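**Q** Following this line is entry16.pdb, made up of PDB, C-alpha atoms and all ligand atoms:
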```
MODEL        1
ATOM      1  CA  MET A   1      -1.459 -10.947  75.531
ATOM      2  CA  LEU A   2      -0.801 -12.506  78.916
ATOM      3  CA  ILE A   3      -4.028 -12.345  80.912
ATOM      4  CA  VAL A   4      -3.826 -12.298  84.708
ATOM      5  CA  GLY A   5      -7.220 -13.096  86.257
ATOM      6  CA  GLU A   6      -8.025 -10.793  89.204
ATOM      7  CA  LYS A   7     -11.069 -12.481  90.761
ATOM      8  CA  ILE A   8      -9.397 -14.192  93.742
ATOM      9  CA  ASN A   9      -9.074 -10.998  95.746
ATOM     10  CA  THR A  10     -10.624 -10.616  99.190
ATOM     11  CA  SER A  11     -11.672  -7.032  98.401
ATOM     12  CA  ILE A  12     -14.296  -8.512  96.021
ATOM     13  CA  PRO A  13     -17.584  -9.308  97.840
ATOM     14  CA  GLY A  14     -17.878 -12.992  98.767
ATOM     15  CA  ILE A  15     -14.197 -13.893  98.490
ATOM     16  CA  SER A  16     -13.177 -13.135 102.054
ATOM     17  CA  GLU A  17     -16.099 -15.264 103.288
ATOM     18  CA  ALA A  18     -14.950 -18.166 101.087
ATOM     19  CA  VAL A  19     -11.416 -17.890 102.470
ATOM     20  CA  GLU A  20     -12.691 -17.592 106.048
ATOM     21  CA  GLY A  21     -14.855 -20.705 105.587
ATOM     22  CA  LYS A  22     -12.038 -22.575 103.751
ATOM     23  CA  ASP A  23     -14.466 -23.196 100.888
ATOM     24  CA  VAL A  24     -12.215 -25.297  98.641
ATOM     25  CA  LEU A  25     -14.793 -25.853  95.887
ATOM     26  CA  PHE A  26     -15.746 -22.171  95.618
ATOM     27  CA  ILE A  27     -12.111 -21.089  95.247
ATOM     28  CA  GLN A  28     -11.199 -23.915  92.859
ATOM     29  CA  ASN A  29     -14.272 -23.225  90.738
ATOM     30  CA  LEU A  30     -13.429 -19.521  90.501
ATOM     31  CA  ALA A  31      -9.873 -20.360  89.461
ATOM     32  CA  LYS A  32     -11.088 -22.877  86.843
ATOM     33  CA  ARG A  33     -13.654 -20.477  85.383
ATOM     34  CA  GLN A  34     -10.970 -17.802  84.954
ATOM     35  CA  VAL A  35      -8.611 -20.228  83.199
ATOM     36  CA  GLU A  36     -11.408 -21.474  80.921
ATOM     37  CA  ALA A  37     -12.231 -17.848  80.080
ATOM     38  CA  GLY A  38      -8.640 -17.222  78.964
ATOM     39  CA  ALA A  39      -6.555 -16.370  82.045
ATOM     40  CA  ASN A  40      -2.894 -17.433  81.715
ATOM     41  CA  VAL A  41      -2.061 -16.555  85.326
ATOM     42  CA  ILE A  42      -4.295 -16.296  88.403
ATOM     43  CA  ASP A  43      -3.688 -13.407  90.810
ATOM     44  CA  VAL A  44      -4.121 -14.227  94.504
ATOM     45  CA  ASN A  45      -4.639 -11.292  96.868
ATOM     46  CA  VAL A  46      -5.772 -11.598 100.486
ATOM     47  CA  GLY A  47      -4.641  -8.116 101.448
ATOM     48  CA  THR A  48      -7.805  -7.247 103.375
ATOM     49  CA  ARG A  49      -7.201 -10.120 105.825
ATOM     50  CA  ILE A  50      -4.225  -8.508 107.549
ATOM     51  CA  HIS A  51      -4.176 -10.747 110.621
ATOM     52  CA  THR A  52      -4.228 -14.059 108.736
ATOM     53  CA  GLU A  53      -2.813 -12.986 105.387
ATOM     54  CA  ALA A  54       0.279 -15.210 105.238
ATOM     55  CA  GLU A  55      -1.574 -18.367 106.278
ATOM     56  CA  ASP A  56      -4.517 -17.545 103.978
ATOM     57  CA  MET A  57      -2.070 -17.077 101.098
ATOM     58  CA  ARG A  58      -0.493 -20.472 101.763
ATOM     59  CA  TRP A  59      -3.910 -22.165 101.863
ATOM     60  CA  LEU A  60      -5.057 -20.456  98.659
ATOM     61  CA  VAL A  61      -1.922 -21.353  96.687
ATOM     62  CA  LYS A  62      -2.238 -24.977  97.734
ATOM     63  CA  THR A  63      -5.983 -25.089  97.057
ATOM     64  CA  ILE A  64      -5.789 -23.383  93.645
ATOM     65  CA  GLN A  65      -2.780 -25.339  92.381
ATOM     66  CA  SER A  66      -4.470 -28.614  93.095
ATOM     67  CA  ALA A  67      -7.255 -27.616  90.655
ATOM     68  CA  ILE A  68      -5.503 -25.811  87.772
ATOM     69  CA  ASP A  69      -2.041 -25.737  86.251
ATOM     70  CA  VAL A  70      -1.361 -22.105  85.327
ATOM     71  CA  PRO A  71       1.086 -20.095  87.482
ATOM     72  CA  LEU A  72      -0.190 -17.851  90.252
ATOM     73  CA  SER A  73       0.590 -14.182  90.851
ATOM     74  CA  ILE A  74       1.305 -13.868  94.566
ATOM     75  CA  ASP A  75      -0.053 -10.388  95.219
ATOM     76  CA  SER A  76       0.724  -8.749  98.550
ATOM     77  CA  PRO A  77       2.393  -5.745 100.164
ATOM     78  CA  ASN A  78       3.393  -8.061 103.021
ATOM     79  CA  PRO A  79       6.776  -9.824 102.579
ATOM     80  CA  GLU A  80       5.749 -12.647 104.933
ATOM     81  CA  ALA A  81       2.611 -13.403 102.871
ATOM     82  CA  LEU A  82       4.709 -13.316  99.704
ATOM     83  CA  ARG A  83       7.207 -15.721 101.229
ATOM     84  CA  MET A  84       4.486 -18.166 102.308
ATOM     85  CA  GLY A  85       2.847 -18.042  98.885
ATOM     86  CA  LEU A  86       6.112 -18.497  96.997
ATOM     87  CA  LYS A  87       7.179 -21.315  99.299
ATOM     88  CA  GLU A  88       3.946 -23.215  98.721
ATOM     89  CA  HIS A  89       3.889 -22.585  94.938
ATOM     90  CA  LYS A  90       4.906 -25.407  92.552
ATOM     91  CA  GLY A  91       6.818 -24.212  89.474
ATOM     92  CA  ARG A  92       7.696 -20.591  88.696
ATOM     93  CA  ALA A  93       5.370 -18.152  90.428
ATOM     94  CA  MET A  94       4.855 -14.478  89.661
ATOM     95  CA  LEU A  95       5.764 -12.157  92.539
ATOM     96  CA  ASN A  96       3.394  -9.162  92.653
ATOM     97  CA  SER A  97       5.203  -6.927  93.373
ATOM     98  CA  ILE A  98       8.491  -5.151  93.939
ATOM     99  CA  THR A  99       8.783  -1.338  93.780
ATOM    100  CA  GLY A 100      11.726   1.055  93.828
ATOM    101  CA  GLU A 101      11.007   1.946  97.499
ATOM    102  CA  SER A 102      14.105   1.213  99.565
ATOM    103  CA  LYS A 103      12.320  -0.795 102.257
ATOM    104  CA  ARG A 104      10.475  -2.851  99.678
ATOM    105  CA  VAL A 105      13.675  -3.612  97.780
ATOM    106  CA  LYS A 106      15.363  -4.771 100.987
ATOM    107  CA  ASP A 107      12.419  -7.065 101.824
ATOM    108  CA  ILE A 108      12.004  -8.522  98.328
ATOM    109  CA  LEU A 109      15.602  -9.148  97.203
ATOM    110  CA  PRO A 110      16.025 -12.275  99.366
ATOM    111  CA  LEU A 111      12.764 -13.701  97.944
ATOM    112  CA  LEU A 112      14.053 -13.241  94.387
ATOM    113  CA  LYS A 113      17.247 -15.114  95.195
ATOM    114  CA  GLU A 114      15.437 -17.911  97.015
ATOM    115  CA  PHE A 115      12.470 -18.521  94.678
ATOM    116  CA  ARG A 116      13.497 -17.068  91.253
ATOM    117  CA  PRO A 117       9.959 -15.955  90.385
ATOM    118  CA  SER A 118       8.774 -13.851  87.482
ATOM    119  CA  VAL A 119       8.406 -10.355  88.929
ATOM    120  CA  ILE A 120       5.932  -7.523  88.548
ATOM    121  CA  ALA A 121       7.751  -4.253  89.288
ATOM    122  CA  LEU A 122       5.712  -1.143  90.032
ATOM    123  CA  THR A 123       7.271   2.066  88.720
ATOM    124  CA  MET A 124       7.174   3.954  92.022
ATOM    125  CA  ASP A 125       9.857   4.711  94.587
ATOM    126  CA  ASP A 126      10.389   6.607  97.851
ATOM    127  CA  GLY A 127       8.952   9.654  96.071
ATOM    128  CA  GLY A 128       5.611   7.852  95.493
ATOM    129  CA  ILE A 129       3.848   7.264  92.152
ATOM    130  CA  PRO A 130       5.232   9.654  89.540
ATOM    131  CA  GLN A 131       2.883  11.903  87.596
ATOM    132  CA  ASP A 132       4.861  11.870  84.387
ATOM    133  CA  ALA A 133       6.038   9.252  81.906
ATOM    134  CA  GLU A 134       9.751  10.080  82.104
ATOM    135  CA  THR A 135      10.021   9.448  85.871
ATOM    136  CA  ARG A 136       8.110   6.178  85.485
ATOM    137  CA  TYR A 137      10.572   5.198  82.769
ATOM    138  CA  GLN A 138      13.634   6.168  84.865
ATOM    139  CA  ILE A 139      12.351   4.097  87.795
ATOM    140  CA  SER A 140      11.647   1.145  85.503
ATOM    141  CA  GLN A 141      15.250   1.261  84.250
ATOM    142  CA  ARG A 142      16.574   1.238  87.836
ATOM    143  CA  LEU A 143      14.326  -1.724  88.608
ATOM    144  CA  VAL A 144      15.558  -3.588  85.520
ATOM    145  CA  GLN A 145      19.158  -3.100  86.743
ATOM    146  CA  LEU A 146      18.226  -4.285  90.208
ATOM    147  CA  LEU A 147      16.343  -7.354  88.956
ATOM    148  CA  SER A 148      19.103  -8.236  86.477
ATOM    149  CA  GLY A 149      21.598  -7.999  89.327
ATOM    150  CA  ALA A 150      19.462 -10.469  91.280
ATOM    151  CA  GLY A 151      19.643 -12.906  88.341
ATOM    152  CA  ILE A 152      16.113 -12.389  86.973
ATOM    153  CA  PRO A 153      16.108 -12.609  83.134
ATOM    154  CA  GLU A 154      14.419  -9.724  81.304
ATOM    155  CA  ASP A 155      11.799 -12.085  79.889
ATOM    156  CA  ASN A 156      10.623 -12.704  83.472
ATOM    157  CA  MET A 157      10.225  -8.985  84.257
ATOM    158  CA  TYR A 158       6.826  -7.246  84.087
ATOM    159  CA  MET A 159       6.932  -3.461  84.482
ATOM    160  CA  ASP A 160       3.705  -1.918  85.818
ATOM    161  CA  PRO A 161       3.495   1.844  85.185
ATOM    162  CA  LEU A 162       0.690   2.245  87.771
ATOM    163  CA  MET A 163      -2.426   4.053  86.699
ATOM    164  CA  ARG A 164      -3.879   7.030  88.458
ATOM    165  CA  PRO A 165      -7.543   7.944  87.901
ATOM    166  CA  ILE A 166      -8.123  10.364  85.013
ATOM    167  CA  SER A 167     -10.971  11.858  87.098
ATOM    168  CA  THR A 168      -8.386  13.522  89.372
ATOM    169  CA  ASP A 169      -5.607  14.060  86.809
ATOM    170  CA  SER A 170      -6.749  14.400  83.226
ATOM    171  CA  GLU A 171      -3.223  13.759  81.898
ATOM    172  CA  ALA A 172      -2.790  10.518  83.851
ATOM    173  CA  GLY A 173      -3.830   8.263  80.961
ATOM    174  CA  LEU A 174      -1.421   9.944  78.583
ATOM    175  CA  ALA A 175       1.462   9.637  81.062
ATOM    176  CA  VAL A 176       0.900   5.886  81.412
ATOM    177  CA  LEU A 177       0.525   5.400  77.650
ATOM    178  CA  ASP A 178       3.816   7.254  77.058
ATOM    179  CA  ALA A 179       5.520   5.252  79.802
ATOM    180  CA  ILE A 180       4.358   1.973  78.234
ATOM    181  CA  GLY A 181       5.875   2.992  74.886
ATOM    182  CA  LYS A 182       9.181   4.088  76.442
ATOM    183  CA  ILE A 183       9.579   0.925  78.521
ATOM    184  CA  LYS A 184       8.651  -1.352  75.634
ATOM    185  CA  ASN A 185      11.083   0.419  73.278
ATOM    186  CA  SER A 186      13.936  -0.015  75.764
ATOM    187  CA  SER A 187      13.953  -3.812  75.415
ATOM    188  CA  LYS A 188      12.172  -6.460  73.353
ATOM    189  CA  GLU A 189      12.313  -8.904  76.249
ATOM    190  CA  ILE A 190      10.807  -6.867  79.074
ATOM    191  CA  HIS A 191       7.046  -7.074  79.515
ATOM    192  CA  VAL A 192       4.688  -4.241  80.357
ATOM    193  CA  ILE A 193       1.624  -4.988  82.477
ATOM    194  CA  CYS A 194      -1.093  -2.989  84.179
ATOM    195  CA  GLY A 195      -4.256  -3.388  86.191
ATOM    196  CA  LEU A 196      -7.159  -1.972  84.221
ATOM    197  CA  SER A 197      -9.518  -0.723  86.866
ATOM    198  CA  ASN A 198      -7.807   2.279  88.498
ATOM    199  CA  ILE A 199      -7.847   4.551  85.474
ATOM    200  CA  SER A 200     -11.647   4.897  85.544
ATOM    201  CA  PHE A 201     -12.068   5.412  89.301
ATOM    202  CA  GLY A 202     -14.589   8.148  90.077
ATOM    203  CA  LEU A 203     -16.291   8.132  86.669
ATOM    204  CA  PRO A 204     -19.616   6.582  85.560
ATOM    205  CA  LYS A 205     -19.703   3.630  83.104
ATOM    206  CA  ARG A 206     -16.173   2.692  84.107
ATOM    207  CA  GLY A 207     -16.110  -0.221  81.686
ATOM    208  CA  LEU A 208     -16.074   2.188  78.736
ATOM    209  CA  ILE A 209     -12.968   3.964  79.988
ATOM    210  CA  ASN A 210     -11.243   0.665  80.812
ATOM    211  CA  GLN A 211     -12.029  -0.757  77.355
ATOM    212  CA  ALA A 212     -10.829   2.341  75.507
ATOM    213  CA  PHE A 213      -7.654   2.446  77.583
ATOM    214  CA  LEU A 214      -6.926  -1.261  77.086
ATOM    215  CA  LEU A 215      -6.807  -0.867  73.300
ATOM    216  CA  MET A 216      -4.686   2.291  73.389
ATOM    217  CA  ALA A 217      -2.287   0.619  75.808
ATOM    218  CA  MET A 218      -2.041  -2.458  73.560
ATOM    219  CA  ALA A 219      -1.160  -0.177  70.657
ATOM    220  CA  GLN A 220       1.666   1.257  72.813
ATOM    221  CA  GLY A 221       3.016  -2.230  73.543
ATOM    222  CA  LEU A 222       1.155  -3.432  76.640
ATOM    223  CA  ASP A 223       1.572  -7.222  76.471
ATOM    224  CA  SER A 224       0.051  -8.346  79.760
ATOM    225  CA  VAL A 225      -2.902  -7.169  81.805
ATOM    226  CA  ILE A 226      -4.633  -7.780  85.134
ATOM    227  CA  LEU A 227      -8.397  -7.876  84.613
ATOM    228  CA  ASP A 228     -11.654  -9.763  85.114
ATOM    229  CA  PRO A 229     -11.422 -12.581  82.526
ATOM    230  CA  LEU A 230     -15.084 -13.467  83.088
ATOM    231  CA  ASP A 231     -15.897 -10.199  81.298
ATOM    232  CA  ARG A 232     -16.391 -11.550  77.755
ATOM    233  CA  LYS A 233     -16.407  -8.116  76.184
ATOM    234  CA  LEU A 234     -12.901  -7.403  77.512
ATOM    235  CA  ILE A 235     -11.524 -10.748  76.343
ATOM    236  CA  SER A 236     -13.161 -10.199  72.921
ATOM    237  CA  LEU A 237     -11.569  -6.746  72.658
ATOM    238  CA  ILE A 238      -8.166  -8.274  73.374
ATOM    239  CA  LYS A 239      -8.716 -10.719  70.481
ATOM    240  CA  ALA A 240      -9.777  -7.856  68.200
ATOM    241  CA  GLY A 241      -6.791  -5.763  69.321
ATOM    242  CA  GLU A 242      -4.331  -8.590  68.662
ATOM    243  CA  ALA A 243      -5.749  -9.050  65.165
ATOM    244  CA  LEU A 244      -5.519  -5.292  64.486
ATOM    245  CA  LEU A 245      -1.920  -5.053  65.759
ATOM    246  CA  GLY A 246      -0.518  -7.882  63.626
ATOM    247  CA  LYS A 247      -0.226 -10.244  66.603
ATOM    248  CA  ASP A 248      -2.643 -12.770  65.100
ATOM    249  CA  LYS A 249      -1.537 -14.171  61.742
ATOM    250  CA  TYR A 250      -4.421 -14.553  59.243
ATOM    251  CA  CYS A 251      -6.652 -13.460  62.172
ATOM    252  CA  ALA A 252      -6.604 -17.155  63.067
ATOM    253  CA  GLY A 253      -7.081 -16.592  66.806
ATOM    254  CA  TYR A 254      -9.918 -14.144  66.214
ATOM    255  CA  LEU A 255     -11.676 -16.535  63.838
ATOM    256  CA  ARG A 256     -11.160 -19.486  66.179
ATOM    257  CA  ALA A 257     -12.740 -17.511  69.012
ATOM    258  CA  PHE A 258     -15.633 -16.562  66.724
ATOM    259  CA  ARG A 259     -16.285 -20.178  65.705
ATOM    260  CA  ALA A 260     -16.186 -21.240  69.352
ATOM    261  CA  ASP A 261     -18.866 -18.581  69.954
ATOM    262  CA  GLU A 262     -16.578 -16.787  72.389
ATOM    263  CA  LEU A 263     -16.736 -13.279  70.923
ATOM    264  CA  ALA A 264     -19.084 -10.742  72.493
ATOM    265  CA  GLU A 265     -19.841  -7.382  70.883
ATOM    266  CA  GLU A 266     -21.229  -6.055  74.169
TER     267      GLU A 266
HETATM  268  N1  LIG A 301      -1.153  -3.785  89.457
HETATM  269  C1  LIG A 301      -0.643  -4.901  90.046
HETATM  270  N2  LIG A 301      -1.363  -5.656  90.898
HETATM  271  C2  LIG A 301      -2.616  -5.285  91.227
HETATM  272  C3  LIG A 301      -3.197  -4.132  90.650
HETATM  273  C4  LIG A 301      -2.436  -3.375  89.735
HETATM  274  N3  LIG A 301      -3.340  -6.040  92.122
HETATM  275  C5  LIG A 301      -4.593  -5.563  92.634
HETATM  276  C6  LIG A 301      -5.338  -4.766  91.589
HETATM  277  N4  LIG A 301      -4.500  -3.785  90.972
HETATM  278  C7  LIG A 301      -5.875  -5.704  90.538
HETATM  279  N5  LIG A 301      -6.908  -6.559  91.073
HETATM  280  C8  LIG A 301      -8.246  -6.204  91.116
HETATM  281  C9  LIG A 301      -9.142  -7.130  91.643
HETATM  282  C10 LIG A 301     -10.504  -6.886  91.628
HETATM  283  C11 LIG A 301     -10.991  -5.698  91.098
HETATM  284  C12 LIG A 301     -10.111  -4.756  90.602
HETATM  285  C13 LIG A 301      -8.730  -5.011  90.601
HETATM  286  C14 LIG A 301     -12.469  -5.495  91.032
HETATM  287  N6  LIG A 301     -13.217  -6.463  90.544
HETATM  288  C15 LIG A 301     -14.665  -6.413  90.523
HETATM  289  C16 LIG A 301     -15.192  -7.838  90.500
HETATM  290  O1  LIG A 301     -14.524  -8.716  89.975
HETATM  291  O2  LIG A 301     -16.278  -8.055  91.011
HETATM  292  C17 LIG A 301     -15.239  -5.643  89.365
HETATM  293  C18 LIG A 301     -14.669  -5.947  88.028
HETATM  294  C19 LIG A 301     -15.227  -4.998  86.968
HETATM  295  O3  LIG A 301     -16.435  -4.712  86.981
HETATM  296  O4  LIG A 301     -14.448  -4.564  86.096
HETATM  297  O5  LIG A 301     -12.958  -4.438  91.379
HETATM  298  O6  LIG A 301      -2.859  -2.349  89.182
HETATM  299  N7  LIG A 301       0.612  -5.270  89.725
ENDMDL
END
```
Just give me the structure of the file as structure tokens.
Ligand code: THG
**A**
Amino acid sequence: MLIVGEKINTSIPGISEAVEGKDVLFIQNLAKRQVEAGANVIDVNVGTRIHTEAEDMRWLVKTIQSAIDVPLSIDSPNPEALRMGLKEHKGRAMLNSITGESKRVKDILPLLKEFRPSVIALTMDDGGIPQDAETRYQISQRLVQLLSGAGIPEDNMYMDPLMRPISTDSEAGLAVLDAIGKIKNSSKEIHVICGLSNISFGLPKRGLINQAFLLMAMAQGLDSVILDPLDRKLISLIKAGEALLGKDKYCAGYLRAFRADELAEE
């Protein structure tokens, strides 16, 4: 499972202040703690700082990459912030994200050609986020064609079927689970990713819903996830899930984590 750490996001209390104050040690420490906890990629999102987003993104990429050596997910709706982040990034970055929306495609295509990043592609288009699995799948196939045409290998593609809260649509979890299975079955190379938190929006004890969903999604073929890696229960569940799904020969990874005292039952 590829774990993308979500903690460097200015919508989380304290992060915007650290960016505003150019607090190098705070940011580097948060990046290091996520990597030590198991993150393979660090997401960087300064979307709440609309007036300084591009420059903040550049500063964060530089600051984080001088402390850790995993790739960063440059997470923004703003093409200029994406460009600044990708330009500053050493090695292959992850671009988060392209969608099937025509304006977004037009803005992002040049960045793909210039920087050759891995790409997270959200399965939405000019019609918005689909309710059903089939439309998500159809959009994902169009995005695969588009990304292939831009020279991105399938192994560098991460399809994100976009969760909606089950509190407002009780079939939303099922639709995403079906979409994960369909996308994964269409190609061995293409990855499927999602952010964990949206599904539980509007419900109490959100962690329970997120944890249950994570394991069901893994069983459907989810192979990458955006989450809080400092949550030991979540990371432990991923280890348990990998062992249960035959992704961990002799349960070696699970046992190693146990001996390192990394597994949490709650
Ligand atoms: N897909 C893609 N990118 C994304 C998302 C997605 N980027 C943004 C978002 N969704 C994922 N990032 C976050 C970042 C922080 C939180 C939720 C999603 C968050 N964190 C709290 C914290 O860390 O304090 C609480 C964490 C918790 O208790 O679980 O709320 O879906 N491609």
**Q** Within 8 Å of region 172-179 of chain A, counting all atoms listed in the file, which residues qualify if same-chain residues fewer than 6 places away don't, as a count of residues only?
**A** 17
**Q** What residues come out when you apply the PyMOL selection byres (((chain A and resi 58-70) around 6) and not hetatm) to this file, written as a list in words?
**A**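 Checking the PyMOL selection byres (((chain A and resi 58-70) around 6) and not hetatm) against this file, the residues are Gln28, Val41, Glu55, Asp56, Met57, Pro71, Met84 and Gly85 of chain A.
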**Q** One decimal, Å: what's the distance from CA of Pro79 (chain A) over to CA of Thr48 (chain A), could you say?
**A**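 So the two atoms, CA of Pro79 (chain A) and CA of Thr48 (chain A), lie 14.8 Å apart.
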**Q** List, as a list of chain:residue names, every residue that the PyMOL selection byres (((chain A and resi 142-153) around 9) and not hetatm) selects in the file provided.
**A**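 Residues picked by the PyMOL selection byres (((chain A and resi 142-153) around 9) and not hetatm): A:Ile98, A:Thr99, A:Gly100, A:Val105, A:Leu109, A:Pro110, A:Leu112, A:Lys113, A:Arg116, A:Pro117, A:Ser118, A:Val119, A:Ala121, A:Leu122, A:Thr123, A:Tyr137, A:Gln138, A:Ile139, A:Ser140, A:Gln141, A:Glu154, A:Asp155, A:Asn156, A:Met157, A:Met159, A:Glu189, A:Ile190.
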**Q** Counting only C-alpha atoms and all ligand atoms, what are the residues, protein, DNA or RNA alike, that approach ligand LIG 301 (chain A) to within 8 Å? I want them as a PDB file with C-alpha atoms, keeping the file's coordinate frame.
**A**
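This went into out-v2.pdb:
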```pdb
ATOM      1  CA  GLU A   6      -8.025 -10.793  89.204  1.00  0.00           C
ATOM      2  CA  LYS A   7     -11.069 -12.481  90.761  1.00  0.00           C
ATOM      3  CA  ILE A   8      -9.397 -14.192  93.742  1.00  0.00           C
ATOM      4  CA  ASN A   9      -9.074 -10.998  95.746  1.00  0.00           C
ATOM      5  CA  SER A  11     -11.672  -7.032  98.401  1.00  0.00           C
ATOM      6  CA  ILE A  12     -14.296  -8.512  96.021  1.00  0.00           C
ATOM      7  CA  PRO A  13     -17.584  -9.308  97.840  1.00  0.00           C
ATOM      8  CA  ASP A  43      -3.688 -13.407  90.810  1.00  0.00           C
ATOM      9  CA  ASN A  45      -4.639 -11.292  96.868  1.00  0.00           C
ATOM     10  CA  ASP A  75      -0.053 -10.388  95.219  1.00  0.00           C
ATOM     11  CA  ASN A  96       3.394  -9.162  92.653  1.00  0.00           C
ATOM     12  CA  SER A  97       5.203  -6.927  93.373  1.00  0.00           C
ATOM     13  CA  ILE A 120       5.932  -7.523  88.548  1.00  0.00           C
ATOM     14  CA  ALA A 121       7.751  -4.253  89.288  1.00  0.00           C
ATOM     15  CA  LEU A 122       5.712  -1.143  90.032  1.00  0.00           C
ATOM     16  CA  ASP A 160       3.705  -1.918  85.818  1.00  0.00           C
ATOM     17  CA  LEU A 162       0.690   2.245  87.771  1.00  0.00           C
ATOM     18  CA  MET A 163      -2.426   4.053  86.699  1.00  0.00           C
ATOM     19  CA  ILE A 193       1.624  -4.988  82.477  1.00  0.00           C
ATOM     20  CA  CYS A 194      -1.093  -2.989  84.179  1.00  0.00           C
ATOM     21  CA  GLY A 195      -4.256  -3.388  86.191  1.00  0.00           C
ATOM     22  CA  LEU A 196      -7.159  -1.972  84.221  1.00  0.00           C
ATOM     23  CA  SER A 197      -9.518  -0.723  86.866  1.00  0.00           C
ATOM     24  CA  ASN A 198      -7.807   2.279  88.498  1.00  0.00           C
ATOM     25  CA  ARG A 206     -16.173   2.692  84.107  1.00  0.00           C
ATOM     26  CA  GLY A 207     -16.110  -0.221  81.686  1.00  0.00           C
ATOM     27  CA  ILE A 226      -4.633  -7.780  85.134  1.00  0.00           C
ATOM     28  CA  LEU A 227      -8.397  -7.876  84.613  1.00  0.00           C
ATOM     29  CA  ASP A 228     -11.654  -9.763  85.114  1.00  0.00           C
ATOM     30  CA  ASP A 231     -15.897 -10.199  81.298  1.00  0.00           C
TER      31      ASP A 231
END
```
**Q** Tell me which protein, DNA and RNA residues are within 8 Å of Arg49 (chain A), counting all atoms listed in the file, leaving out same-chain ones fewer than 4 positions away, and put them as a PDB file with C-alpha atoms, in the frame of the given file.
**A**
```
ATOM      1  CA  THR A  10     -10.624 -10.616  99.190  1.00  0.00           C
ATOM      2  CA  SER A  16     -13.177 -13.135 102.054  1.00  0.00           C
ATOM      3  CA  GLU A  53      -2.813 -12.986 105.387  1.00  0.00           C
TER       4      GLU A  53
END
```
**Q** Using only C-alpha atoms, which of the listed residues (A:Val225, A:Glu171, A:Asp125, A:Ser187) sits closest to Ile42 (chain A)?
**A** A:Val225
**Q** Have a look at CA of Leu255 (chain A) and CA of Gly241 (chain A) and let me know their distance in Å, one decimal.
**A**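 Those two atoms sit 13.0 Å apart.
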**Q** One decimal, in Å: what's the spacing between CA of Ala219 (chain A) and CA of Ala37 (chain A)?
**A**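 Taking CA of Ala219 (chain A) as the start and CA of Ala37 (chain A) as the end point, the length is 22.9 Å.
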**Q** Which of these, A:Leu230, A:Gly5, A:Ile74, A:Arg256, has the shortest distance to Ala243 (chain A) once you count all atoms listed in the file?
**A**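 Closest to Ala243 (chain A) of all the choices is A:Arg256.
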**Q** Which one is closest to Pro229 (chain A): A:Met94, A:Glu20, A:Gly14, A:Ala31? Count only C-alpha atoms.
**A**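 Using only C-alpha atoms, Pro229 (chain A) sits closest to A:Ala31.
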**Q** Around region 199-209 of chain A, with edges along x, y and z and 4 Å added on all six sides, what centre and edge lengths do you get, in Å to one decimal, as lines of an AutoDock Vina configuration file?
**A**
```
center_x = -13.8
center_y = 4.0
center_z = 84.4
size_x = 19.9
size_y = 16.4
size_z = 19.3
```
**Q** Please list as number ranges by chain every residue within 10 Å of Leu244 (chain A), counting all atoms listed in the file and excluding residues in the same chain fewer than 6 positions away.
**A** A: 215, 219, 238, 251
**Q** Name the closest residue to Lys182 (chain A) among the candidates A:Leu222, A:Ala252, A:Ala260, A:Gly91; distances are taken between atoms, counting all atoms listed in the file.
**A** A:Leu222
**Q** Using only C-alpha atoms, find the one residue out of A:Ile129, A:Ala18, A:Val24, A:Met218 that sits nearest to His191 (chain A).
**A**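 Ranked by minimum distance to His191 (chain A), first place goes to A:Met218.
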**Q** With distances taken over all atoms listed in the file, which of A:Lys239, A:Thr135, A:Ser76, A:Lys90 is nearest to Arg104 (chain A)?
**A**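 Of the candidates, the smallest distance to Arg104 (chain A) is held by A:Ser76.
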**Q** Would you mind listing what lies within 9 Å of Glu101 (chain A) as a VMD selection string, with all atoms listed in the file counted and same-chain residues fewer than 6 positions away left out?
**A** chain A and resid 124 to 128
**Q** Could you write region 107-133 of chain A of the block just shown to a file containing C-alpha atoms, as a tab-separated table (two decimals), in the first residue's frame?
**A**
```tsv
chain	number	residue	atom	x	y	z
A	107	ASP	CA	-4.41	23.65	-17.89
A	108	ILE	CA	-2.73	20.40	-16.83
A	109	LEU	CA	-1.61	18.86	-20.14
A	110	PRO	CA	1.36	21.24	-20.56
A	111	LEU	CA	2.52	20.42	-17.00
A	112	LEU	CA	2.50	16.69	-17.79
A	113	LYS	CA	4.65	17.23	-20.86
A	114	GLU	CA	7.07	19.55	-19.07
A	115	PHE	CA	7.52	17.71	-15.75
A	116	ARG	CA	6.48	14.05	-16.40
A	117	PRO	CA	5.05	13.57	-12.90
A	118	SER	CA	3.06	10.67	-11.53
A	119	VAL	CA	-0.56	11.80	-11.73
A	120	ILE	CA	-3.61	11.49	-9.52
A	121	ALA	CA	-6.70	11.66	-11.75
A	122	LEU	CA	-10.07	12.37	-10.16
A	123	THR	CA	-12.97	10.55	-11.83
A	124	MET	CA	-15.12	13.64	-12.41
A	125	ASP	CA	-15.77	15.73	-15.50
A	126	ASP	CA	-17.85	18.69	-16.69
A	127	GLY	CA	-20.89	16.84	-15.32
A	128	GLY	CA	-19.44	16.90	-11.77
A	129	ILE	CA	-18.78	13.90	-9.49
A	130	PRO	CA	-20.78	10.91	-10.71
A	131	GLN	CA	-23.11	9.10	-8.34
A	132	ASP	CA	-22.60	5.67	-9.81
A	133	ALA	CA	-19.67	3.31	-10.34
```
